[in-house]
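K.L.:
Please find one structure pasted underneath; my questions will follow.
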Amino acid sequence: MRLSENALIVLKSRYLQKDSDGNIIETPEQLIERVAKAIAKADENYSATKEEIEKTTNEFMDVMSELKFLPNTPTLVNAGRPLGQLSACFVLPINDSMDSIFDAVKATALIHKSGGGTGFSFSRLRPKNDIVSSTMGVSSGPVSFMKVFDCATEAIKQGGVRRGANMGILRVDHPDILDFIHCKDKEGEFSNFNISVAITNKFLDALKNDEEYELINPRNKEVVGKLKASFVWDEIAKSAHKSGEPGIIFIDRINEKHPLSKEVGEIESTNPCGEQPLLPFESCNLGSINLGKFVKGKSIDWDNLKKTVFTAVHFLDNVIDVNIYPLKKIEENTKKNRKVGLGVMGFADMLIDLGIPYDSKEAIKLAEDVMCFIQKISKEASSELAKKRGNFPNYKYSIYSKENIPMRNATTTTIAPTGSISMIADASSGIEPIFALAYYKQVLDGKRLPYVYERLFNVLKDRGIYTEKLAERIIDNRGSLKGIEEIPEDIRKLFVTAMDITYKAHIDIQAAFQKYTDNAVSKTINMPNSATVVDVKEAYNYAYKNGLKGITVYRDGSRQEQVLVVAKKE
Ligand code: UDP
């Protein structure tokens, strides 16, 4: 395996097996073999012969060791090991009772320990100061109960595979919505949570007509107040402008686009980074194709990509069978729908290899072409599996049954952030642009060396203009080439960073991927420090108009650390 220095550091710190003294007892090759063998074993359930299983094991090993495809972190860490929990994404329901709240806390602890992330809607909890009939007391409300989850996450983070992450959702029509919107205004509060407001169609209508909308007590469904939609929209945008949170999700759109009918349940939350809406007690395992590995000359190697998608879907479907679930109920629900989330990383790398700037019409077109292809092939692959293994059990409630298309998985595609696996693959993360084209690398004896993004380094070398001084100038320019005149214009145009491009260019790419993704797309919409609250609201409108399921904006400098960034530093 050809691994970068950075990849080795990441693998050693969290992925490679250790003995009880903390000594590493596994090589990266052995890790790949352990994972491939454990996942291929599921084929035994479908009467595969020994030879067939060996062939599948080799296919799985090849795509992983060539860094063409990697499953999400819990699969890499836990497959073939006693914990055996392989999914990154969970959603747990929280009903309006102490039993339910603390059952969810316990399940959360078990999931975090194994490297999974949890999402919850707190919308079913009665508002603060509402009655508690059993004690004649008053309730403390969703935001206060979120603290319990935050503290539990904090307490168990040391022993786990990685620090746990949570998504907290509240519907915009919950009476405590204003408290929720501002609950993370102070840096450090709810540091184990990302939060998002679930925006309803009713709210959007009220916003359009500049009207009030109703606040509903979930305990008895009574209308307990009204708020001006434009006021709440402002509050959300102001808070996001100030601190990067809350995000918003378009909850009715998410349910409208869900391939399963309401009889199966209603989606009320996503996982921590927003890319995976799930039903209560459902989990999903993800995996990502490294697009940077599929450029041949100046074009895309579609045949190879097709083959890899087939292998990846086979892999992800097998994961559902060999997974050891933290709760019986999660196992049952997950196996009814068999959702998997195949996505991509290295999109920015691919663009650069093809000579296409991230903020261009061609980039939008490429995003659509690539994801349309992956979506289509992943459906073919799932359909093939269904012919051999059967449809997913809830098939009859799905859009596929209406068209009589066999399907093994209720969903096949999700665009994950790939925060850690992109480091292992040495790829740009998810569908994000390059964050910084150069930065200082700490080296031994306290000396810092400038490190330049390899593709840029090669071009600068080829043109004979690379010097360490130039690298330092890029670093001083916050990793951007903007305004560095000694770098030729064509290079400056191609190598753009997340901060160089407009929020619209970010949203255009998210929208292009969302168009061909069953689940959702993880993406940060970067804005300059000078962006205004009005800009944030415009971004929300643009996101809705372009079909996004949710959006998170991040204004430069507005928050020191975000939840998953912190997680990775530890
Ligand atoms: N996740 C988590 N803790 C982390 C990072 C990720 O719980 O520190 C979960 C979370 O549900 C997130 C999902 O894993 O949405 C996928 O994140 P990512 O793609 O960054 O994970 P990777 O597989 O690269 O580790």
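Going by the structure tokens order, chains are called A, B, ..., each with residues numbered from 1, while ligands are numbered from 1 in the order shown.
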When DSSP works through the backbone of this structure, what residues of segment 51-104 of chain A end up as strand (DSSP E or B), shown as a PyMOL selection string?
P.N.:
chain A and resi 69-71+89-92
K.L.:
Please list as a PyMOL selection string every residue within 10 Å of Phe513 of chain A, counting only C-alpha atoms and excluding residues in the same chain fewer than 5 positions away.
P.N.:
chain A and resi 343-344+364+366-372+375+414-415+431+507-508+518+520-522+548
K.L.:
Given the selection you just returned, output its residues as a file containing N, CA, C and O atoms, formatted as a PDB file, in the first residue's frame.
P.N.:
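Ended up saving to result29.pdb:
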```pdb
ATOM      1  N   GLY A 343     -20.798   7.355  -1.241  1.00  0.00           N
ATOM      2  CA  GLY A 343     -20.539   8.739  -1.640  1.00  0.00           C
ATOM      3  C   GLY A 343     -19.158   8.869  -2.239  1.00  0.00           C
ATOM      4  O   GLY A 343     -18.583   7.888  -2.725  1.00  0.00           O
ATOM      5  N   VAL A 344     -18.647  10.077  -2.210  1.00  0.00           N
ATOM      6  CA  VAL A 344     -17.347  10.331  -2.839  1.00  0.00           C
ATOM      7  C   VAL A 344     -16.451  11.170  -1.941  1.00  0.00           C
ATOM      8  O   VAL A 344     -16.917  11.871  -1.055  1.00  0.00           O
ATOM      9  N   ILE A 364     -19.897  22.256 -12.111  1.00  0.00           N
ATOM     10  CA  ILE A 364     -21.267  21.853 -11.772  1.00  0.00           C
ATOM     11  C   ILE A 364     -21.683  20.682 -12.670  1.00  0.00           C
ATOM     12  O   ILE A 364     -22.250  19.694 -12.217  1.00  0.00           O
ATOM     13  N   LEU A 366     -19.707  18.557 -14.190  1.00  0.00           N
ATOM     14  CA  LEU A 366     -18.962  17.354 -13.821  1.00  0.00           C
ATOM     15  C   LEU A 366     -19.569  16.703 -12.573  1.00  0.00           C
ATOM     16  O   LEU A 366     -19.731  15.484 -12.513  1.00  0.00           O
ATOM     17  N   ALA A 367     -19.916  17.549 -11.589  1.00  0.00           N
ATOM     18  CA  ALA A 367     -20.517  17.028 -10.354  1.00  0.00           C
ATOM     19  C   ALA A 367     -21.782  16.243 -10.705  1.00  0.00           C
ATOM     20  O   ALA A 367     -22.004  15.131 -10.210  1.00  0.00           O
ATOM     21  N   GLU A 368     -22.599  16.829 -11.571  1.00  0.00           N
ATOM     22  CA  GLU A 368     -23.847  16.148 -11.947  1.00  0.00           C
ATOM     23  C   GLU A 368     -23.564  14.849 -12.708  1.00  0.00           C
ATOM     24  O   GLU A 368     -24.163  13.815 -12.422  1.00  0.00           O
ATOM     25  N   ASP A 369     -22.646  14.916 -13.647  1.00  0.00           N
ATOM     26  CA  ASP A 369     -22.344  13.721 -14.455  1.00  0.00           C
ATOM     27  C   ASP A 369     -21.829  12.578 -13.584  1.00  0.00           C
ATOM     28  O   ASP A 369     -22.265  11.437 -13.707  1.00  0.00           O
ATOM     29  N   VAL A 370     -20.878  12.914 -12.711  1.00  0.00           N
ATOM     30  CA  VAL A 370     -20.257  11.876 -11.886  1.00  0.00           C
ATOM     31  C   VAL A 370     -21.284  11.268 -10.929  1.00  0.00           C
ATOM     32  O   VAL A 370     -21.396  10.050 -10.802  1.00  0.00           O
ATOM     33  N   MET A 371     -22.058  12.138 -10.274  1.00  0.00           N
ATOM     34  CA  MET A 371     -22.975  11.606  -9.264  1.00  0.00           C
ATOM     35  C   MET A 371     -24.155  10.899  -9.915  1.00  0.00           C
ATOM     36  O   MET A 371     -24.649   9.903  -9.392  1.00  0.00           O
ATOM     37  N   CYS A 372     -24.581  11.400 -11.071  1.00  0.00           N
ATOM     38  CA  CYS A 372     -25.665  10.732 -11.811  1.00  0.00           C
ATOM     39  C   CYS A 372     -25.226   9.306 -12.152  1.00  0.00           C
ATOM     40  O   CYS A 372     -25.978   8.343 -11.995  1.00  0.00           O
ATOM     41  N   GLN A 375     -25.008   7.189  -8.935  1.00  0.00           N
ATOM     42  CA  GLN A 375     -26.370   6.886  -8.492  1.00  0.00           C
ATOM     43  C   GLN A 375     -26.958   5.744  -9.350  1.00  0.00           C
ATOM     44  O   GLN A 375     -27.487   4.771  -8.833  1.00  0.00           O
ATOM     45  N   THR A 414     -25.127   8.628  -0.339  1.00  0.00           N
ATOM     46  CA  THR A 414     -24.994   9.673   0.689  1.00  0.00           C
ATOM     47  C   THR A 414     -23.630  10.318   0.482  1.00  0.00           C
ATOM     48  O   THR A 414     -22.660   9.611   0.231  1.00  0.00           O
ATOM     49  N   ILE A 415     -23.551  11.645   0.616  1.00  0.00           N
ATOM     50  CA  ILE A 415     -22.222  12.270   0.524  1.00  0.00           C
ATOM     51  C   ILE A 415     -21.743  12.655   1.927  1.00  0.00           C
ATOM     52  O   ILE A 415     -22.195  13.636   2.509  1.00  0.00           O
ATOM     53  N   ILE A 431     -16.844  16.506  -0.986  1.00  0.00           N
ATOM     54  CA  ILE A 431     -16.946  17.299  -2.222  1.00  0.00           C
ATOM     55  C   ILE A 431     -16.447  18.723  -1.978  1.00  0.00           C
ATOM     56  O   ILE A 431     -16.745  19.634  -2.751  1.00  0.00           O
ATOM     57  N   ILE A 507     -22.850  26.368  -2.907  1.00  0.00           N
ATOM     58  CA  ILE A 507     -24.196  25.773  -2.936  1.00  0.00           C
ATOM     59  C   ILE A 507     -24.452  25.074  -4.277  1.00  0.00           C
ATOM     60  O   ILE A 507     -25.072  24.010  -4.318  1.00  0.00           O
ATOM     61  N   ASP A 508     -23.961  25.665  -5.362  1.00  0.00           N
ATOM     62  CA  ASP A 508     -24.145  25.039  -6.687  1.00  0.00           C
ATOM     63  C   ASP A 508     -23.600  23.613  -6.707  1.00  0.00           C
ATOM     64  O   ASP A 508     -24.220  22.709  -7.264  1.00  0.00           O
ATOM     65  N   ASP A 518     -29.593   9.888  -2.917  1.00  0.00           N
ATOM     66  CA  ASP A 518     -30.816   9.487  -2.202  1.00  0.00           C
ATOM     67  C   ASP A 518     -30.935  10.183  -0.866  1.00  0.00           C
ATOM     68  O   ASP A 518     -31.991  10.668  -0.496  1.00  0.00           O
ATOM     69  N   ALA A 520     -28.566  12.676   1.901  1.00  0.00           N
ATOM     70  CA  ALA A 520     -28.227  14.094   1.769  1.00  0.00           C
ATOM     71  C   ALA A 520     -26.727  14.273   1.592  1.00  0.00           C
ATOM     72  O   ALA A 520     -25.983  13.296   1.449  1.00  0.00           O
ATOM     73  N   VAL A 521     -26.310  15.525   1.576  1.00  0.00           N
ATOM     74  CA  VAL A 521     -24.943  15.877   1.222  1.00  0.00           C
ATOM     75  C   VAL A 521     -24.329  16.696   2.350  1.00  0.00           C
ATOM     76  O   VAL A 521     -24.911  17.694   2.777  1.00  0.00           O
ATOM     77  N   SER A 522     -23.181  16.266   2.820  1.00  0.00           N
ATOM     78  CA  SER A 522     -22.479  17.039   3.828  1.00  0.00           C
ATOM     79  C   SER A 522     -21.633  18.092   3.127  1.00  0.00           C
ATOM     80  O   SER A 522     -20.806  17.773   2.267  1.00  0.00           O
ATOM     81  N   LEU A 548     -31.723  21.757  -2.058  1.00  0.00           N
ATOM     82  CA  LEU A 548     -30.965  21.162  -0.951  1.00  0.00           C
ATOM     83  C   LEU A 548     -31.905  20.646   0.137  1.00  0.00           C
ATOM     84  O   LEU A 548     -33.010  21.135   0.303  1.00  0.00           O
TER      85      LEU A 548
END
```
K.L.:
Pick from A:Ile374, A:Ile434, A:Met61, A:Leu16: nearest to Glu454 of chain A, with only C-alpha atoms counted?
P.N.:
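Answer, going by the shortest atom-to-atom distance: A:Ile434.
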K.L.:
Could you give me, as a PyMOL selection string, every polymer residue with an atom at most 7 Å away from an atom of ligand 1, counting only C-alpha atoms and all ligand atoms?
P.N.:
chain A and resi 71-73+88-89+112+115-118+162-165+271-275+416-422+564+567-568
K.L.:
With distances taken over only C-alpha atoms, which of A:His258, A:Val63, A:Cys284, A:Lys447 is nearest to Leu305 of chain A?
P.N.:
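So, comparing all the options, the nearest one is A:Val63.
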K.L.:
One number please: atom CA of Phe347 of chain A to atom CA of Gly168 of chain A, in Å, one decimal.
P.N.:
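These two atoms are separated by 28.8 Å.
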K.L.:
With only C-alpha atoms as the basis for distance, which of A:Leu86, A:Met423, A:Val496, A:Ala7 is at the shortest distance from Ile356 of chain A?
P.N.:
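Using only C-alpha atoms, the shortest distance to Ile356 of chain A belongs to A:Val496.
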